[in-house]
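Report on the structure given below.
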Amino acid sequence: MVDWALAAQTGALLVRGGPQVPRAEAEAAVTDLRELTVEAEGHVRQLTNLGLDLPLLPGEVVDRPGWVRSAAAGLGALTGRALPQQGGPFGPILAGGAGVQTGLVLAFLASRVLGQYDPFGGPEREGSLLLVAPNVVAAERAMDVPGHDFRLWVCLHECTHRLQFTAVTWLRDYFADEVERLVGGLVGGGSDSLADLVGRLPEAIKQGPKLNLAELLQSPKERAVFDRLLALSTLLEGHADFVMDAVGPQVVPSVDTIRARFTARRKGGGVFDRLLRALLGVDAKIRQYEEGAKFTKHVVDAVGMEGFNAVWRSPNTLPSRAEIADPAAWVRRLHG
């Protein structure tokens with residue numbers, strides 16, 4: 001349904017160029033980011049006690065087109081099992097149209113993403129940690145914060161994501177299976193039926209603003225999968241935000257300044273930028289950081305890091321969407 005190669009080409013072609021940086025400064029930033037991923041993951045392991053026996057590997061530093069190509073490849077690998085191939089004479093046209101639209105979205109995001117761990121990316125599809133050098137440099141300049149401190153702080157976040165998927169061996173397949181269930185249901189399980197959608201409108205109207213458009217389009221079965229994925233994503237993002245700030249005071253001297261200015265930056269942007277962020281779910285993503293970090297802090301304060309690490313035992317020990325909002329309920333369920 002999506003021509004991912006065309007999405008990558010479109011996004012890489014349309015993405016805006018990064019800041020003008022002297023060659024020596026750019027090379028220094030690339031070297032710094034690559035080396036800091038190793039240092040950062042060492043700090044994360046000490047705090048979380050996750051993946052202590054795994055090799056420490058450097059990340060990959062890319063430009064904006066490089067991120068677009070990697071993101072398209074990772075999304076293609078993730079959704080490939082669930083999205084059917086378009087048949088018939090119009091199949092390639094439909095897939096091409098979706099590819100162009102996806103490329104436009106990737107081009108917009110490529111100027112904002114500082115880094116990411118993609119568990120479905122990399123040459124062997126074994127996962128890849130990416131740092132987008134021009135975006136990191138642009139952000140540290142805009143916020144007027146020490147470059148080395150900010151780069152290490154960003155690496156702490158992304159290395160936490162890498163450790164989540166490499167130390168918790170079942171997580172990658174679980175996430176992929178849940179995405180397949182959700183996408184497969186949306187495209188082939190009856191959600192495309194107008195009658196089904198109309199039948200769900202009365203309940204949606206009664207719930208009012210509590211229900212967003214994505215949830216409106218889902219059946220109860222799909223909603224359950226959506227809730228599990230949303231809870232997991234919130235946990236992963238919030239855990240990474242908690243870790244980067246918990247490690248920060250020991251290794252990032254200016255962490256308080258960075259956090260304050262970065263939080264303000266997340267909420268910034270002009271009217272058009274804020275509209276696009278809302279449409280693409282970027283603002284919802286920011287709320288995930290906040291809600292997930294609150295969950296993690298509450299649990300760690302209540303039962304310590306080892307008690308928190310019970311979330312990684314199995315899919316059954318992950319918090320539900322309701323437990324993310326009420327972490328004490330998760331503590332009671334897992335620790336009595």
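Just so we're on the same page: first chain in the structure tokens is A, next is B, and so on; residues restart at 1 for each chain, and ligands are numbered from 1 in the order they show up.
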
With the cut-off set at 9 Å and counting only C-alpha atoms, tabulate each residue of segment 25-67 of chain A with an atom at most that distance from an atom of segment 115-130 of chain A, showing the nearest atom pair and its distance in Å to one decimal, ordered by chain and increasing number, as a tab-separated table.
residue	atom	partner	partner_atom	distance
A:Thr37	CA	A:Leu129	CA	8.8
A:Pro58	CA	A:Leu129	CA	8.3
A:Gly59	CA	A:Leu129	CA	5.1
A:Glu60	CA	A:Leu130	CA	4.9
A:Val61	CA	A:Leu130	CA	5.7
A:Val62	CA	A:Leu130	CA	6.7
A:Trp67	CA	A:Leu130	CA	7.5

| said: So that I can check the surroundings of segment 234-241 of chain A, please list as a ChimeraX atom specification every protein, DNA and RNA residue that reaches within 7 Å of it, counting only C-alpha atoms and ignoring chain neighbours fewer than 3 positions away. | reply: /A:157,160-161,230-231,244-245,288-293,296

Would you export the selected residues with C-alpha atoms as a compact mmCIF listing (two decimals), in the first residue's frame, please?
# COMPACT_ATOMS: atom_id res chain seq x y z
CA HIS A 157 17.91 9.27 25.70
CA THR A 160 18.11 4.10 26.65
CA HIS A 161 15.82 3.20 23.75
CA LEU A 230 0.05 3.61 23.29
CA ALA A 231 0.86 2.44 26.83
CA MET A 244 18.49 11.01 30.76
CA ASP A 245 17.62 13.40 33.59
CA GLN A 288 3.85 10.77 26.15
CA TYR A 289 7.26 11.92 27.38
CA GLU A 290 5.66 13.72 30.31
CA GLU A 291 3.17 10.98 31.27
CA GLY A 292 5.71 8.19 30.89
CA ALA A 293 8.33 10.04 32.92
CA THR A 296 8.61 5.89 35.84

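For the atom pair formed by atom CA of Val311 of chain A and atom CA of Gly184 of chain A, the distance is 26.8 Å, given to one decimal.
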
| query | DSSP says alpha helix (DSSP H) for which residues of segment 121-193 of chain A? Put them as a count of residues only? | reply | 50

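For the set A:Val136, A:Val243, A:Ala71, A:Val179, the residue with the smallest atom-to-atom gap to Leu50 of chain A is A:Val243, counting only C-alpha atoms.
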
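Residue nearest Gln20 of chain A, chosen from A:Gly74, A:Gly99, A:Pro134, A:Pro315 and counting only C-alpha atoms: A:Pro134.
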
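Using only C-alpha atoms, the smallest distance between any of A:Leu14, A:Leu94, A:Val247, A:Ala110 and Val154 of chain A comes from A:Val247.
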
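The closest residue to Tyr174 of chain A, picked from A:Ala29, A:Ile324, A:Ala95, A:Val225 and counting only C-alpha atoms, is A:Val225.
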